[in-house]
>>> print(open('run_0.cif').read())   # mmCIF, C-alpha atoms and all ligand atoms
data_model
loop_
_atom_site.label_atom_id
_atom_site.label_comp_id
_atom_site.auth_asym_id
_atom_site.auth_seq_id
_atom_site.Cartn_x
_atom_site.Cartn_y
_atom_site.Cartn_z
CA MET A 20 0.00 0.00 0.00
CA ASN A 21 1.16 3.51 -0.75
CA ALA A 22 1.45 5.89 2.15
CA ILE A 23 1.99 8.84 -0.19
CA ALA A 24 1.11 9.41 -3.84
CA PHE A 25 1.76 12.62 -5.79
CA ALA A 26 0.33 12.55 -9.33
CA ASP A 27 1.58 15.34 -11.58
CA VAL A 28 1.54 17.88 -8.76
CA SER A 29 2.52 21.48 -9.40
CA ARG A 30 2.37 24.55 -7.23
CA ARG A 31 2.83 28.09 -8.36
CA TYR A 32 3.33 31.24 -6.29
CA GLY A 33 2.64 34.00 -8.81
CA ASP A 34 5.44 33.72 -11.33
CA VAL A 35 7.42 31.15 -9.34
CA LEU A 36 6.81 27.51 -10.22
CA ALA A 37 7.92 26.03 -6.88
CA VAL A 38 6.84 22.44 -7.66
CA ASP A 39 6.76 21.34 -11.25
CA GLY A 40 4.85 18.17 -12.14
CA LEU A 41 5.93 16.01 -9.20
CA ASP A 42 5.12 12.32 -9.58
CA LEU A 43 6.10 10.06 -6.74
CA THR A 44 4.82 7.29 -4.53
CA VAL A 45 6.12 6.13 -1.17
CA GLU A 46 5.24 2.64 0.06
CA ALA A 47 4.00 2.33 3.63
CA GLY A 48 6.77 1.43 6.07
CA ARG A 49 9.59 3.23 4.28
CA THR A 50 11.79 6.03 5.59
CA VAL A 51 12.37 8.45 2.75
CA ALA A 52 14.58 11.53 2.53
CA LEU A 53 13.57 14.43 0.34
CA LEU A 54 16.96 15.90 -0.42
CA GLY A 55 17.44 19.17 -2.24
CA PRO A 56 19.16 22.53 -2.16
CA ASN A 57 17.50 25.68 -0.82
CA GLY A 58 14.46 26.60 -2.86
CA ALA A 59 14.09 23.12 -4.41
CA GLY A 60 10.43 22.90 -3.42
CA LYS A 61 10.73 20.60 -0.40
CA SER A 62 8.69 22.69 2.05
CA THR A 63 6.06 23.45 -0.57
CA SER A 64 5.68 19.72 -1.28
CA ILE A 65 5.47 18.93 2.43
CA ASN A 66 2.91 21.64 3.07
CA MET A 67 0.76 20.26 0.24
CA LEU A 68 1.17 16.73 1.63
CA LEU A 69 -0.20 17.99 4.95
CA GLY A 70 -3.13 19.79 3.33
CA LEU A 71 -1.77 23.21 4.40
CA LEU A 72 -1.35 24.33 0.79
CA ARG A 73 -3.40 23.33 -2.25
CA PRO A 74 -1.66 22.17 -5.42
CA THR A 75 -2.20 24.39 -8.44
CA ARG A 76 -2.46 21.19 -10.45
CA GLY A 77 -2.45 17.45 -9.79
CA ARG A 78 -3.57 15.21 -6.96
CA ILE A 79 -2.10 14.03 -3.66
CA GLU A 80 -3.21 11.00 -1.65
CA VAL A 81 -2.16 9.90 1.83
CA PHE A 82 -3.08 6.26 2.53
CA GLY A 83 -5.58 6.51 -0.30
CA HIS A 84 -7.33 9.62 1.07
CA SER A 85 -7.00 13.34 0.55
CA PRO A 86 -4.44 15.01 2.83
CA ASP A 87 -7.24 16.71 4.80
CA GLU A 88 -9.00 13.39 5.42
CA ALA A 89 -5.79 11.64 6.43
CA VAL A 90 -4.97 14.43 8.90
CA ALA A 91 -8.52 14.37 10.31
CA ARG A 92 -8.23 10.60 10.84
CA GLY A 93 -5.10 11.14 12.97
CA GLU A 94 -2.89 9.35 10.48
CA VAL A 95 -0.34 12.13 10.04
CA GLY A 96 2.12 13.78 12.43
CA ALA A 97 4.38 16.63 11.41
CA MET A 98 7.31 18.67 12.57
CA LEU A 99 7.54 21.79 10.43
CA GLN A 100 10.35 24.31 10.19
CA SER A 101 8.68 26.75 12.53
CA GLY A 102 6.01 26.54 15.19
CA GLU A 103 6.02 28.01 18.68
CA LEU A 104 5.35 26.00 21.82
CA ILE A 105 3.01 27.46 24.43
CA PRO A 106 5.69 28.97 26.71
CA GLU A 107 3.94 28.63 30.09
CA LEU A 108 3.12 24.91 29.74
CA THR A 109 5.49 22.18 30.88
CA VAL A 110 6.78 19.57 28.46
CA ARG A 111 4.50 16.95 30.05
CA GLU A 112 1.42 19.23 29.76
CA LEU A 113 2.15 19.97 26.12
CA VAL A 114 2.55 16.32 25.16
CA ALA A 115 -0.51 15.30 27.21
CA PHE A 116 -2.59 17.98 25.48
CA VAL A 117 -1.59 17.01 21.95
CA ARG A 118 -1.92 13.25 22.45
CA ARG A 119 -5.53 13.72 23.62
CA LEU A 120 -6.37 15.11 20.17
CA TYR A 121 -5.67 11.75 18.52
CA PRO A 122 -7.83 8.62 18.48
CA SER A 123 -5.12 6.09 19.49
CA PRO A 124 -2.10 7.97 20.82
CA LEU A 125 1.13 6.60 22.27
CA GLY A 126 1.37 6.47 26.08
CA LEU A 127 2.52 9.75 27.65
CA ASP A 128 5.62 8.21 29.25
CA GLU A 129 6.40 6.36 26.03
CA VAL A 130 6.44 9.63 24.04
CA LEU A 131 8.63 11.35 26.62
CA GLU A 132 11.01 8.41 26.64
CA MET A 133 11.19 8.17 22.85
CA ALA A 134 11.93 11.88 22.47
CA ASP A 135 14.49 11.74 25.29
CA LEU A 136 12.45 14.15 27.41
CA THR A 137 11.81 12.13 30.55
CA GLY A 138 14.23 14.27 32.56
CA LEU A 139 12.72 17.50 31.22
CA ALA A 140 9.04 16.62 31.65
CA GLY A 141 8.43 19.21 34.37
CA ARG A 142 10.23 22.08 32.62
CA ARG A 143 8.26 24.97 31.12
CA ALA A 144 8.62 25.40 27.36
CA ALA A 145 9.94 28.95 27.84
CA LYS A 146 13.01 27.55 29.63
CA LEU A 147 14.08 25.05 26.97
CA SER A 148 17.19 25.35 24.79
CA GLY A 149 16.87 25.30 20.99
CA GLY A 150 17.75 21.61 20.75
CA GLN A 151 15.38 20.69 23.61
CA THR A 152 12.59 22.65 21.93
CA GLN A 153 13.15 20.61 18.78
CA ARG A 154 12.84 17.41 20.82
CA VAL A 155 9.50 18.61 22.21
CA ARG A 156 8.31 19.43 18.71
CA PHE A 157 9.30 15.90 17.69
CA ALA A 158 7.39 14.52 20.71
CA LEU A 159 4.28 16.45 19.65
CA ALA A 160 4.63 15.05 16.11
CA ILE A 161 4.72 11.42 17.31
CA ALA A 162 2.30 11.76 20.27
CA GLY A 163 -0.71 10.64 18.23
CA ALA A 164 1.12 7.52 16.94
CA PRO A 165 0.64 8.67 13.33
CA ARG A 166 1.20 6.11 10.57
CA LEU A 167 2.95 8.84 8.57
CA LEU A 168 5.48 11.13 10.20
CA VAL A 169 6.61 14.16 8.19
CA LEU A 170 9.68 16.14 9.25
CA ASP A 171 10.79 19.34 7.53
CA GLU A 172 14.52 19.87 8.21
CA PRO A 173 14.10 18.60 11.77
CA THR A 174 17.71 18.96 12.93
CA ALA A 175 18.20 22.54 11.80
CA ALA A 176 18.79 23.94 15.31
CA MET A 177 20.66 20.97 16.77
CA ASP A 178 24.30 20.39 17.65
CA VAL A 179 26.09 17.24 16.52
CA GLU A 180 25.24 15.11 19.53
CA SER A 181 21.58 16.18 19.53
CA ARG A 182 21.39 15.26 15.85
CA LEU A 183 22.65 11.75 16.48
CA ARG A 184 20.16 11.27 19.30
CA PHE A 185 17.38 12.71 17.20
CA TRP A 186 17.95 10.29 14.33
CA GLU A 187 18.07 7.38 16.78
CA ALA A 188 14.66 8.48 18.08
CA MET A 189 13.31 8.79 14.55
CA ARG A 190 14.53 5.30 13.67
CA SER A 191 12.95 3.79 16.74
CA TYR A 192 9.67 5.50 15.83
CA ALA A 193 9.88 4.17 12.27
CA GLU A 194 10.36 0.58 13.49
CA GLY A 195 7.32 -1.59 13.19
CA GLY A 196 6.14 -0.36 9.82
CA ARG A 197 5.55 3.37 10.23
CA THR A 198 6.31 5.66 7.30
CA VAL A 199 8.62 8.65 7.66
CA LEU A 200 9.30 11.37 5.11
CA PHE A 201 11.90 13.96 6.02
CA ALA A 202 13.28 16.93 4.12
CA THR A 203 16.91 17.82 4.45
CA HIS A 204 19.72 19.51 2.64
CA TYR A 205 22.29 17.54 4.63
CA LEU A 206 23.56 14.75 2.40
CA GLN A 207 24.92 12.75 5.27
CA GLU A 208 21.58 12.76 7.07
CA ALA A 209 19.83 11.49 3.96
CA ASP A 210 22.48 8.83 3.44
CA GLU A 211 22.50 7.54 7.00
CA ASN A 212 18.86 7.75 8.01
CA SER A 213 16.72 6.78 5.05
CA ASP A 214 16.20 3.73 2.90
CA ARG A 215 15.38 5.82 -0.13
CA VAL A 216 16.55 9.27 -1.22
CA ILE A 217 14.46 11.41 -3.52
CA VAL A 218 16.58 14.26 -4.86
CA VAL A 219 14.60 17.33 -5.88
CA ALA A 220 15.85 20.45 -7.64
CA GLY A 221 13.87 23.18 -9.32
CA GLY A 222 10.60 21.58 -8.19
CA ARG A 223 11.28 18.27 -9.98
CA VAL A 224 12.59 14.85 -9.01
CA VAL A 225 16.11 14.54 -10.43
CA ALA A 226 17.06 11.20 -8.83
CA ASP A 227 15.30 8.56 -6.79
CA GLY A 228 16.78 5.45 -5.17
CA THR A 229 18.92 4.23 -2.31
CA ALA A 230 21.87 6.47 -1.49
CA ALA A 231 24.13 3.76 -2.97
CA GLU A 232 22.15 3.73 -6.24
CA ILE A 233 22.31 7.50 -6.51
CA LYS A 234 26.06 7.46 -5.95
CA ALA A 235 26.48 4.72 -8.56
CA GLY A 236 24.18 6.54 -11.00
CA ALA A 237 26.40 9.59 -10.88
CA GLY A 238 28.99 7.18 -12.33
CA GLY A 239 31.95 9.35 -11.58
CA HIS A 240 35.23 8.70 -9.82
CA THR A 241 37.82 11.09 -8.59
CA VAL A 242 41.55 10.73 -9.12
CA ARG A 243 43.58 12.87 -6.71
CA PHE A 244 47.29 13.36 -6.41
CA THR A 245 49.81 15.77 -4.99
CA LEU A 246 50.97 18.14 -7.66
CA GLY A 247 53.11 20.43 -5.55
CA GLY A 248 54.39 23.37 -7.54
CA GLN A 249 54.39 21.63 -10.94
CA ALA A 250 52.54 23.24 -13.83
CA ALA A 251 49.55 21.11 -14.73
CA ALA A 252 48.40 22.14 -18.18
CA GLY A 253 46.60 19.47 -20.21
CA LEU A 254 44.98 17.47 -17.39
CA GLU A 255 41.54 18.23 -18.91
CA ALA A 256 42.59 16.38 -22.05
CA LEU A 257 43.30 13.06 -20.28
CA PRO A 258 40.87 10.28 -21.23
CA GLY A 259 37.63 10.18 -19.23
CA VAL A 260 38.23 13.48 -17.44
CA SER A 261 35.27 15.84 -17.17
CA ALA A 262 36.56 18.34 -14.62
CA VAL A 263 39.83 19.39 -13.04
CA GLU A 264 40.30 21.24 -9.79
CA ILE A 265 43.64 22.31 -8.40
CA SER A 266 43.81 23.54 -4.86
CA ALA A 267 46.59 23.74 -2.25
CA GLY A 268 48.98 21.70 -4.40
CA THR A 269 46.47 18.86 -4.91
CA ALA A 270 44.91 18.01 -8.27
CA THR A 271 41.42 16.46 -8.29
CA LEU A 272 40.19 15.02 -11.58
CA ARG A 273 36.61 13.85 -12.06
CA THR A 274 36.60 10.98 -14.49
CA ALA A 275 34.30 8.39 -15.98
CA ASP A 276 37.24 6.00 -16.60
CA PRO A 277 39.77 6.15 -13.76
CA ASP A 278 41.95 3.33 -15.19
CA ALA A 279 42.45 5.12 -18.51
CA THR A 280 42.99 8.45 -16.76
CA VAL A 281 45.68 7.06 -14.46
CA ALA A 282 47.42 5.15 -17.28
CA ALA A 283 47.59 8.31 -19.39
CA LEU A 284 48.70 10.36 -16.41
CA TYR A 285 51.79 8.15 -16.00
CA ARG A 286 52.54 7.38 -19.67
CA GLY A 287 51.39 10.51 -21.43
CA THR A 288 52.66 13.26 -19.12
CA THR A 289 55.98 14.14 -17.57
CA LEU A 290 54.41 15.00 -14.20
CA GLU A 291 55.81 13.55 -11.04
CA VAL A 292 52.67 12.05 -9.51
CA ARG A 293 52.69 11.47 -5.76
CA ASP A 294 50.07 10.23 -3.25
CA LEU A 295 47.68 9.04 -5.97
CA ARG A 296 44.18 8.13 -4.75
CA ILE A 297 41.12 6.92 -6.64
CA ASP A 298 37.67 7.21 -5.01
CA GLY A 299 34.15 6.42 -6.11
CA ALA A 300 31.80 9.37 -6.29
CA ASP A 301 30.33 10.13 -2.89
CA LEU A 302 26.79 11.31 -2.37
CA GLU A 303 27.95 14.90 -2.38
CA ASP A 304 29.52 14.54 -5.84
CA ALA A 305 26.40 12.79 -7.09
CA PHE A 306 24.13 15.42 -5.59
CA LEU A 307 26.08 18.34 -7.00
CA SER A 308 26.22 16.86 -10.48
CA LEU A 309 22.48 16.07 -10.41
CA VAL A 310 21.54 19.53 -9.21
CA GLN A 311 23.83 21.18 -11.77
CA GLU A 312 22.45 19.04 -14.61
CA SER A 313 18.89 20.09 -13.69
CA ARG A 314 19.68 23.80 -14.12
N1 LIG A 401 4.86 31.97 -0.05
C1 LIG A 401 5.68 32.06 -1.11
N2 LIG A 401 5.54 33.04 -2.02
C2 LIG A 401 6.33 33.13 -3.11
N3 LIG A 401 7.32 32.25 -3.38
C3 LIG A 401 7.52 31.26 -2.52
C4 LIG A 401 6.71 31.10 -1.34
N4 LIG A 401 7.15 30.01 -0.67
C5 LIG A 401 8.18 29.50 -1.38
N5 LIG A 401 8.40 30.25 -2.49
C6 LIG A 401 9.41 29.96 -3.54
O1 LIG A 401 9.18 28.65 -4.03
C7 LIG A 401 10.41 27.96 -4.27
C8 LIG A 401 10.44 26.68 -3.43
O2 LIG A 401 10.50 27.02 -2.06
P1 LIG A 401 10.46 25.93 -0.89
O3 LIG A 401 10.42 26.68 0.42
O4 LIG A 401 9.38 24.96 -1.14
O5 LIG A 401 11.87 25.22 -1.08
P2 LIG A 401 12.71 24.33 -0.06
O6 LIG A 401 13.30 23.23 -0.89
O7 LIG A 401 11.88 23.93 1.09
O8 LIG A 401 13.87 25.32 0.39
P3 LIG A 401 14.61 25.46 1.83
O9 LIG A 401 15.53 24.30 1.92
O10 LIG A 401 15.34 26.76 1.66
O11 LIG A 401 13.56 25.50 2.89
C9 LIG A 401 11.50 28.97 -3.93
O12 LIG A 401 11.88 29.58 -5.14
C10 LIG A 401 10.83 29.94 -3.00
O13 LIG A 401 11.43 31.21 -3.09
#
>>> encode(input="run_0.cif", output="structure tokens", more="lines below")
Ligand SMILES: Nc1ncnc2c1ncn2[C@@H]1O[C@H](COP(=O)(O)OP(=O)(O)OP(=O)(O)O)[C@@H](O)[C@H]1O
Amino acid sequence: MNAIAFADVSRRYGDVLAVDGLDLTVEAGRTVALLGPNGAGKSTSINMLLGLLRPTRGRIEVFGHSPDEAVARGEVGAMLQSGELIPELTVRELVAFVRRLYPSPLGLDEVLEMADLTGLAGRRAAKLSGGQTQRVRFALAIAGAPRLLVLDEPTAAMDVESRLRFWEAMRSYAEGGRTVLFATHYLQEADENSDRVIVVAGGRVVADGTAAEIKAGAGGHTVRFTLGGQAAAGLEALPGVSAVEISAGTATLRTADPDATVAALYRGTTLEVRDLRIDGADLEDAFLSLVQESR
């Protein structure tokens, strides 16, 4: 069963086409990252998925219903980029209030435990740090035990340790067949915390698969070596090479055929090549080339 289906969905703001004919389905039980640069259309897509914005064109279904129906049935929980907590309420009061709005919520202590808030349950929202506030917002998103959890750049205000703990909490929520869709522009977060990455740029899907598939699809390798002070004219002309970058005495060549590039580097040039390294494209390389191609 599909948790999410977008069929040819577009959204315009005046002259800006923020989402441009998005077609995608997400099977129930998956954890999916929506990865894209600033302005790619991630928040607009999420807001339409939650019924907060209407598509200009196309149709969205959540578990086979309209977004409004799915939300009304308590099937959707969300953590958006902004949203104030009621400052005078304690963490426990806030979670207790929100979970009562849902038909079959998680237990109060269970939510607090999952969001790592047990020790902060008696603290007023006004007294929480930025990272703690994010944890409360996560708790409010899961309190109703929604089948679909939607997170829009959830770790934006968190330090490194809080991020790691947050993703652990998300994974434990996703266990047992719940669906999670999260937007991020952090490649590493998409890579480590999802089983499928949908890359969006300019309002369109430009790649869709596991992080490993996306890396492989980019097809590139890098060949790096220490150049020192040597002049390096002609590296662009080596076989397979599509880009050359020279920085701090290191040459980095992007190539589709690392074997041919390296052979020609040794046989066809007079350079003294030291510290040679060949790497597969990482997700960052893949992402940058996909986003550039879509422009
Ligand atoms: N209310 C609005 N009015 C006009 N244009 C908007 C509005 N909201 C978003 N846009 C534009 O729509 C495009 C997509 O924006 P959106 O916020 O969906 O992208 P995003 O991928 O979530 O970006 P970010 O990572 O920066 O949050 C951008 O060009 C943005 O400037």
>>> closest_atom_pairs(input="run_0.cif", of="chain A", to="ligand LIG 401 (chain A)", cutoff="10 Å", atoms="all atoms listed in the file", output="tab-separated table")
residue	atom	partner	partner_atom	distance
A:Arg30	CA	A:LIG401	O1	8.6
A:Arg31	CA	A:LIG401	O1	7.7
A:Tyr32	CA	A:LIG401	C2	4.8
A:Gly33	CA	A:LIG401	C2	6.8
A:Asp34	CA	A:LIG401	C2	8.3
A:Val35	CA	A:LIG401	N3	6.1
A:Leu36	CA	A:LIG401	O1	6.7
A:Ala37	CA	A:LIG401	O1	4.1
A:Val38	CA	A:LIG401	C8	7.0
A:Leu53	CA	A:LIG401	O6	8.9
A:Leu54	CA	A:LIG401	O6	8.2
A:Gly55	CA	A:LIG401	O6	6.0
A:Pro56	CA	A:LIG401	O9	5.7
A:Asn57	CA	A:LIG401	O10	3.5
A:Gly58	CA	A:LIG401	O5	3.4
A:Ala59	CA	A:LIG401	O6	3.6
A:Gly60	CA	A:LIG401	O4	3.2
A:Lys61	CA	A:LIG401	O6	3.7
A:Ser62	CA	A:LIG401	O7	3.6
A:Thr63	CA	A:LIG401	O4	3.7
A:Ser64	CA	A:LIG401	O4	6.4
A:Ile65	CA	A:LIG401	O4	8.0
A:Asn66	CA	A:LIG401	O4	8.4
A:Met67	CA	A:LIG401	O4	9.9
A:Leu72	CA	A:LIG401	N1	9.9
A:Gln100	CA	A:LIG401	O11	8.1
A:Asp171	CA	A:LIG401	O7	8.0
A:Glu172	CA	A:LIG401	O9	7.8
A:Ala202	CA	A:LIG401	O7	7.8
A:Thr203	CA	A:LIG401	O9	7.1
A:His204	CA	A:LIG401	O9	6.4
A:Tyr205	CA	A:LIG401	O9	9.9
A:Val219	CA	A:LIG401	O6	7.8
A:Ala220	CA	A:LIG401	O6	7.7
A:Gly221	CA	A:LIG401	C8	7.7
A:Gly222	CA	A:LIG401	C8	7.0
>>> residues_around(input="run_0.cif", residues="A:Ile23", least_positions_apart="6", cutoff="6 Å", atoms="only C-alpha atoms", output="PyMOL selection string")
chain A and resi 44-45+80-81
>>> atom_distance(input="run_0.cif", atom1="atom CA of A:Pro86", atom2="atom CA of A:Leu99")
15.7 Å
>>> residues_around(input="run_0.cif", residues="stretch 131-143 of chain A", least_positions_apart="2", cutoff="10 Å", atoms="only C-alpha atoms", output="MDAnalysis selection string")
chainID A and resid 104:115 125:129 145:147 151 153:159 161:162 184:185 187:189 191:192
>>> closest_residue(input="run_0.cif", among="A:Val130, A:Gly40, A:Ala22, A:Arg49", to="A:Glu194", atoms="all atoms listed in the file")
A:Arg49
>>> atom_distance(input="run_0.cif", atom1="atom CA of A:Asp87", atom2="atom CA of A:Arg166")
14.7 Å
>>> atom_distance(input="run_0.cif", atom1="atom CA of A:Ser85", atom2="atom CA of A:Asn21")
12.8 Å
>>> axis_aligned_box(input="run_0.cif", around="stretch 182-187 of chain A", padding_each_side="8 Å", output="lines of an AutoDock Vina configuration file")
center_x = 20.0
center_y = 11.3
center_z = 16.8
size_x = 21.3
size_y = 23.9
size_z = 21.0
>>> closest_residue(input="run_0.cif", among="A:Gly259, A:Gly239, A:Gly149, A:Gly48", to="A:Leu167", atoms="all atoms listed in the file")
A:Gly48
>>> closest_residue(input="run_0.cif", among="A:Gly196, A:Gly248, A:Pro74, A:Gly228", to="A:Leu168", atoms="all atoms listed in the file")
A:Gly196
>>> closest_residue(input="run_0.cif", among="A:Gly163, A:Arg92, A:Gly299, A:His84", to="A:Phe116", atoms="only C-alpha atoms")
A:Gly163
>>> closest_residue(input="run_0.cif", among="A:Gly77, A:Gly268, A:Gly70, A:Gly96", to="A:Leu41", atoms="all atoms listed in the file")
A:Gly77
>>> residues_near_point(input="run_0.cif", point="(45.2, 5.8, -14.1)", cutoff="10 Å", atoms="only C-alpha atoms", output="PDB file with C-alpha atoms, keeping the file's coordinate frame")
ATOM      1  CA  VAL A 242      41.550  10.730  -9.120  1.00  0.00           C
ATOM      2  CA  LEU A 257      43.300  13.060 -20.280  1.00  0.00           C
ATOM      3  CA  PRO A 258      40.870  10.280 -21.230  1.00  0.00           C
ATOM      4  CA  ASP A 276      37.240   6.000 -16.600  1.00  0.00           C
ATOM      5  CA  PRO A 277      39.770   6.150 -13.760  1.00  0.00           C
ATOM      6  CA  ASP A 278      41.950   3.330 -15.190  1.00  0.00           C
ATOM      7  CA  ALA A 279      42.450   5.120 -18.510  1.00  0.00           C
ATOM      8  CA  THR A 280      42.990   8.450 -16.760  1.00  0.00           C
ATOM      9  CA  VAL A 281      45.680   7.060 -14.460  1.00  0.00           C
ATOM     10  CA  ALA A 282      47.420   5.150 -17.280  1.00  0.00           C
ATOM     11  CA  ALA A 283      47.590   8.310 -19.390  1.00  0.00           C
ATOM     12  CA  LEU A 284      48.700  10.360 -16.410  1.00  0.00           C
ATOM     13  CA  TYR A 285      51.790   8.150 -16.000  1.00  0.00           C
ATOM     14  CA  ARG A 286      52.540   7.380 -19.670  1.00  0.00           C
ATOM     15  CA  LEU A 295      47.680   9.040  -5.970  1.00  0.00           C
ATOM     16  CA  ARG A 296      44.180   8.130  -4.750  1.00  0.00           C
ATOM     17  CA  ILE A 297      41.120   6.920  -6.640  1.00  0.00           C
TER      18      ILE A 297
END
>>> residues_around(input="run_0.cif", residues="A:Ser261", least_positions_apart="4", cutoff="10 Å", atoms="all atoms listed in the file", output="ChimeraX atom specification")
/A:239,254-257,272-275
>>> closest_residue(input="run_0.cif", among="A:Ser29, A:Ala176, A:Gly287, A:Thr245", to="A:Ala267", atoms="only C-alpha atoms")
A:Thr245
